[in-house]
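Engineer: The structure's right below; bear with me while I get my questions together.
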Amino acid sequence: MKDGKMAEVLAVRARPGAPQKGTLSLESITVPCVLGKSGLAVRKREGDGKTPVGRFALLSVYYRPDRLRRPITRLPVSEISPDLGWCDDPGHPRYNRPVKLPFSASHERMWREDGLYDVVVVLDHNLHPPVPGLGSAIFFHCARPGYSPTEGCVAVSRKDMLKILERCGPGTAMAIG
């Protein structure tokens, strides 16, 4: 936090004519971002490939300690371990929650080799309480090279992610739409 100022809103907008690509704006910073492969959705459903429209609090940050230093942010930060997963099975009681691997139900593996989750921010989408089928593991994470679409998350370059997180803390939200 260079000047101590904390961001209130990260504004995410899809690009007209290219609903999987967009911009993320935070005060004077505007960076390219990538969205779900099926664009945006007002009514998100599990597995639809859409990024939900709405305003979601940034809750916490996970990062790969073997790939980078702890991100500078006022948000709570935890290290990703090889046994961390995220349940995406709508029929399981741990739906849309972190889980310890091995885990018998369907889940996302948080320790990824492709770098997407080197830094990942948990968004307050369908968490309190999670409603089965309304979407899980909706994160703000690192983009693939070439910015190919996500499964429903918002992604930016790792460099941009680290710059943005410096201005984020409790009370910061992402407005998608």
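By convention in this document, the chains of the structure tokens carry letters A, B, ... by their order, each chain's residues are numbered from 1, and ligands are numbered from 1 in the order they are shown.
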Could you tell me, as number ranges by chain, which residues of chain A DSSP assigns to strand (DSSP E) when given the backbone?

Structural biologist: A: 9-15, 18-26, 29-34, 40-41, 51-52, 54-63, 77-79, 84-87, 98-100, 107-109, 119-123, 139-142, 154-156, 173-176

Engineer: Export C-alpha atoms of the chosen residues as a PDB file, in the first residue's frame?

Structural biologist:
ATOM      1  CA  VAL A   9     -14.382  -1.338  -6.000  1.00  0.00           C
ATOM      2  CA  LEU A  10     -12.716  -3.294  -8.776  1.00  0.00           C
ATOM      3  CA  ALA A  11     -14.979  -2.631 -11.776  1.00  0.00           C
ATOM      4  CA  VAL A  12     -15.088  -5.439 -14.343  1.00  0.00           C
ATOM      5  CA  ARG A  13     -16.677  -4.842 -17.757  1.00  0.00           C
ATOM      6  CA  ALA A  14     -16.941  -7.198 -20.731  1.00  0.00           C
ATOM      7  CA  ARG A  15     -15.717  -5.907 -24.067  1.00  0.00           C
ATOM      8  CA  ALA A  18     -16.007 -10.172 -27.131  1.00  0.00           C
ATOM      9  CA  PRO A  19     -17.886 -11.233 -23.964  1.00  0.00           C
ATOM     10  CA  GLN A  20     -15.013 -13.417 -22.720  1.00  0.00           C
ATOM     11  CA  LYS A  21     -12.597 -10.467 -22.603  1.00  0.00           C
ATOM     12  CA  GLY A  22     -12.850  -7.243 -20.699  1.00  0.00           C
ATOM     13  CA  THR A  23     -11.239  -4.645 -18.518  1.00  0.00           C
ATOM     14  CA  LEU A  24     -10.752  -4.374 -14.796  1.00  0.00           C
ATOM     15  CA  SER A  25     -10.538  -0.843 -13.437  1.00  0.00           C
ATOM     16  CA  LEU A  26      -9.356   0.262 -10.036  1.00  0.00           C
ATOM     17  CA  ILE A  29      -5.457   1.542 -13.060  1.00  0.00           C
ATOM     18  CA  THR A  30      -7.170  -0.225 -15.982  1.00  0.00           C
ATOM     19  CA  VAL A  31      -5.907  -3.634 -17.082  1.00  0.00           C
ATOM     20  CA  PRO A  32      -7.123  -6.317 -19.477  1.00  0.00           C
ATOM     21  CA  CYS A  33      -8.978  -9.236 -17.937  1.00  0.00           C
ATOM     22  CA  VAL A  34     -10.537 -12.450 -19.120  1.00  0.00           C
ATOM     23  CA  LEU A  40     -21.566 -13.096 -18.234  1.00  0.00           C
ATOM     24  CA  ALA A  41     -24.671 -14.413 -16.462  1.00  0.00           C
ATOM     25  CA  THR A  51     -18.984 -15.270 -14.935  1.00  0.00           C
ATOM     26  CA  PRO A  52     -21.685 -14.073 -12.520  1.00  0.00           C
ATOM     27  CA  GLY A  54     -22.999  -8.679  -9.372  1.00  0.00           C
ATOM     28  CA  ARG A  55     -20.985  -7.156  -6.590  1.00  0.00           C
ATOM     29  CA  PHE A  56     -18.829  -9.578  -4.611  1.00  0.00           C
ATOM     30  CA  ALA A  57     -16.561  -8.878  -1.648  1.00  0.00           C
ATOM     31  CA  LEU A  58     -12.927  -9.937  -1.924  1.00  0.00           C
ATOM     32  CA  LEU A  59     -12.650 -12.271   1.066  1.00  0.00           C
ATOM     33  CA  SER A  60      -9.167 -13.763   1.164  1.00  0.00           C
ATOM     34  CA  VAL A  61      -6.061 -14.547  -0.867  1.00  0.00           C
ATOM     35  CA  TYR A  62      -4.283 -17.849  -1.444  1.00  0.00           C
ATOM     36  CA  TYR A  63      -0.833 -18.050  -3.025  1.00  0.00           C
ATOM     37  CA  VAL A  77      -3.550 -14.336   3.091  1.00  0.00           C
ATOM     38  CA  SER A  78      -2.942 -18.106   3.242  1.00  0.00           C
ATOM     39  CA  GLU A  79      -0.458 -20.380   1.550  1.00  0.00           C
ATOM     40  CA  LEU A  84      -5.849 -27.945  -0.750  1.00  0.00           C
ATOM     41  CA  GLY A  85      -8.961 -28.369  -2.877  1.00  0.00           C
ATOM     42  CA  TRP A  86     -12.315 -26.618  -3.379  1.00  0.00           C
ATOM     43  CA  CYS A  87     -15.520 -28.692  -3.502  1.00  0.00           C
ATOM     44  CA  PRO A  98     -12.197 -25.456   0.760  1.00  0.00           C
ATOM     45  CA  VAL A  99     -11.447 -29.140   1.348  1.00  0.00           C
ATOM     46  CA  LYS A 100      -8.422 -31.257   2.197  1.00  0.00           C
ATOM     47  CA  HIS A 107     -13.376 -30.661  -6.548  1.00  0.00           C
ATOM     48  CA  GLU A 108     -10.946 -28.096  -7.925  1.00  0.00           C
ATOM     49  CA  ARG A 109      -7.290 -28.709  -7.152  1.00  0.00           C
ATOM     50  CA  VAL A 119      -2.372 -16.018  -6.626  1.00  0.00           C
ATOM     51  CA  VAL A 120      -6.111 -16.530  -6.204  1.00  0.00           C
ATOM     52  CA  VAL A 121      -8.691 -14.359  -4.456  1.00  0.00           C
ATOM     53  CA  VAL A 122     -11.884 -15.888  -3.057  1.00  0.00           C
ATOM     54  CA  LEU A 123     -14.934 -13.867  -4.107  1.00  0.00           C
ATOM     55  CA  PHE A 139     -12.317 -16.694  -8.039  1.00  0.00           C
ATOM     56  CA  PHE A 140     -10.205 -13.736  -9.133  1.00  0.00           C
ATOM     57  CA  HIS A 141      -6.999 -15.395 -10.329  1.00  0.00           C
ATOM     58  CA  CYS A 142      -4.054 -15.264 -12.723  1.00  0.00           C
ATOM     59  CA  VAL A 154     -12.153 -13.217 -13.567  1.00  0.00           C
ATOM     60  CA  ALA A 155      -8.441 -13.380 -14.398  1.00  0.00           C
ATOM     61  CA  VAL A 156      -5.615 -10.875 -14.957  1.00  0.00           C
ATOM     62  CA  ALA A 173     -15.506  -5.548  -3.702  1.00  0.00           C
ATOM     63  CA  MET A 174     -15.504  -6.621  -7.317  1.00  0.00           C
ATOM     64  CA  ALA A 175     -18.407  -5.261  -9.385  1.00  0.00           C
ATOM     65  CA  ILE A 176     -18.955  -7.410 -12.480  1.00  0.00           C
TER      66      ILE A 176
END

Engineer: Would you mind reading off the distance between atom CA of Asp114 of chain A and atom CA of Lys159 of chain A, one decimal, in Å?

Structural biologist: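 Interatomic distance, atom CA of Asp114 of chain A to atom CA of Lys159 of chain A: 15.7 Å.
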
Engineer: Atom CA of Pro132 of chain A and atom CA of Ser104 of chain A are how many Å apart?

Structural biologist: 17.4 Å

Engineer: Mind checking which residues fall within 12 Å of Lys44 of chain A, counting only C-alpha atoms, ignoring those fewer than 2 positions away in the same chain, and posting them as a ChimeraX atom specification?

Structural biologist: /A:36,38-42,46-54,125-126,131-136,138,151-153

Engineer: Restricting the calculation to only C-alpha atoms: of A:Ser28, A:Leu75, A:Pro129, A:Trp111, which residue gets closest to Arg94 of chain A?

Structural biologist: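 For Arg94 of chain A, the nearest of the given residues is A:Pro129.
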
Engineer: Taking only C-alpha atoms into account, name the residue in A:Asn96, A:Ser106, A:Ser157, A:Thr73 that is nearest to Ala7 of chain A.

Structural biologist: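 That would be A:Thr73, the residue with the smallest distance to Ala7 of chain A.
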
Engineer: Within 12 Å of Arg74 of chain A, counting only C-alpha atoms, which residues show up once you throw out same-chain ones fewer than 5 positions away? Write them as a list of chain:residue names, please.

Structural biologist: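 Within the cut-off, the hits are A:Met1, A:Gly4, A:Lys5, A:Met6, A:Ala7, A:Leu58, A:Leu59, A:Ser60, A:Val61, A:Ile164, A:Leu165, A:Glu166, A:Arg167, A:Cys168, A:Gly169, A:Pro170, A:Gly171, A:Thr172.
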
Engineer: Output N, CA and C atoms for every residue in that selection, as a tab-separated table (two decimals), in the first residue's frame.

Structural biologist:
chain	number	residue	atom	x	y	z
A	1	MET	N	0.84	-1.16	0.00
A	1	MET	CA	0.00	0.00	0.00
A	1	MET	C	0.89	1.23	0.00
A	4	GLY	N	-1.19	4.05	1.38
A	4	GLY	CA	-2.10	3.65	2.44
A	4	GLY	C	-3.56	3.64	2.05
A	5	LYS	N	-3.89	4.07	0.83
A	5	LYS	CA	-5.27	4.14	0.39
A	5	LYS	C	-5.75	2.76	-0.05
A	6	MET	N	-6.94	2.38	0.42
A	6	MET	CA	-7.50	1.09	0.07
A	6	MET	C	-8.61	1.26	-0.97
A	7	ALA	N	-8.63	0.38	-1.96
A	7	ALA	CA	-9.63	0.43	-3.01
A	7	ALA	C	-10.98	-0.02	-2.47
A	58	LEU	N	-14.17	-9.17	-1.87
A	58	LEU	CA	-12.93	-9.94	-1.92
A	58	LEU	C	-12.68	-10.42	-0.50
A	59	LEU	N	-12.69	-11.73	-0.29
A	59	LEU	CA	-12.65	-12.27	1.07
A	59	LEU	C	-11.25	-12.62	1.56
A	60	SER	N	-10.49	-13.31	0.73
A	60	SER	CA	-9.17	-13.76	1.16
A	60	SER	C	-8.33	-14.12	-0.05
A	61	VAL	N	-7.03	-14.25	0.19
A	61	VAL	CA	-6.06	-14.55	-0.87
A	61	VAL	C	-5.33	-15.84	-0.52
A	164	ILE	N	-2.72	-4.83	-8.10
A	164	ILE	CA	-4.10	-4.57	-7.64
A	164	ILE	C	-4.25	-4.93	-6.17
A	165	LEU	N	-3.71	-6.08	-5.75
A	165	LEU	CA	-3.87	-6.53	-4.37
A	165	LEU	C	-3.26	-5.56	-3.36
A	166	GLU	N	-2.25	-4.82	-3.79
A	166	GLU	CA	-1.65	-3.83	-2.88
A	166	GLU	C	-2.67	-2.80	-2.41
A	167	ARG	N	-3.71	-2.59	-3.16
A	167	ARG	CA	-4.74	-1.60	-2.83
A	167	ARG	C	-6.01	-2.21	-2.26
A	168	CYS	N	-6.01	-3.53	-2.01
A	168	CYS	CA	-7.23	-4.22	-1.56
A	168	CYS	C	-7.15	-4.61	-0.08
A	169	GLY	N	-8.31	-4.62	0.54
A	169	GLY	CA	-8.42	-5.02	1.92
A	169	GLY	C	-9.86	-5.31	2.26
A	170	PRO	N	-10.15	-5.56	3.54
A	170	PRO	CA	-11.54	-5.79	3.94
A	170	PRO	C	-12.41	-4.62	3.46
A	171	GLY	N	-13.52	-4.94	2.85
A	171	GLY	CA	-14.40	-3.92	2.31
A	171	GLY	C	-14.24	-3.69	0.82
A	172	THR	N	-13.15	-4.20	0.22
A	172	THR	CA	-13.00	-4.08	-1.23
A	172	THR	C	-13.92	-5.10	-1.90
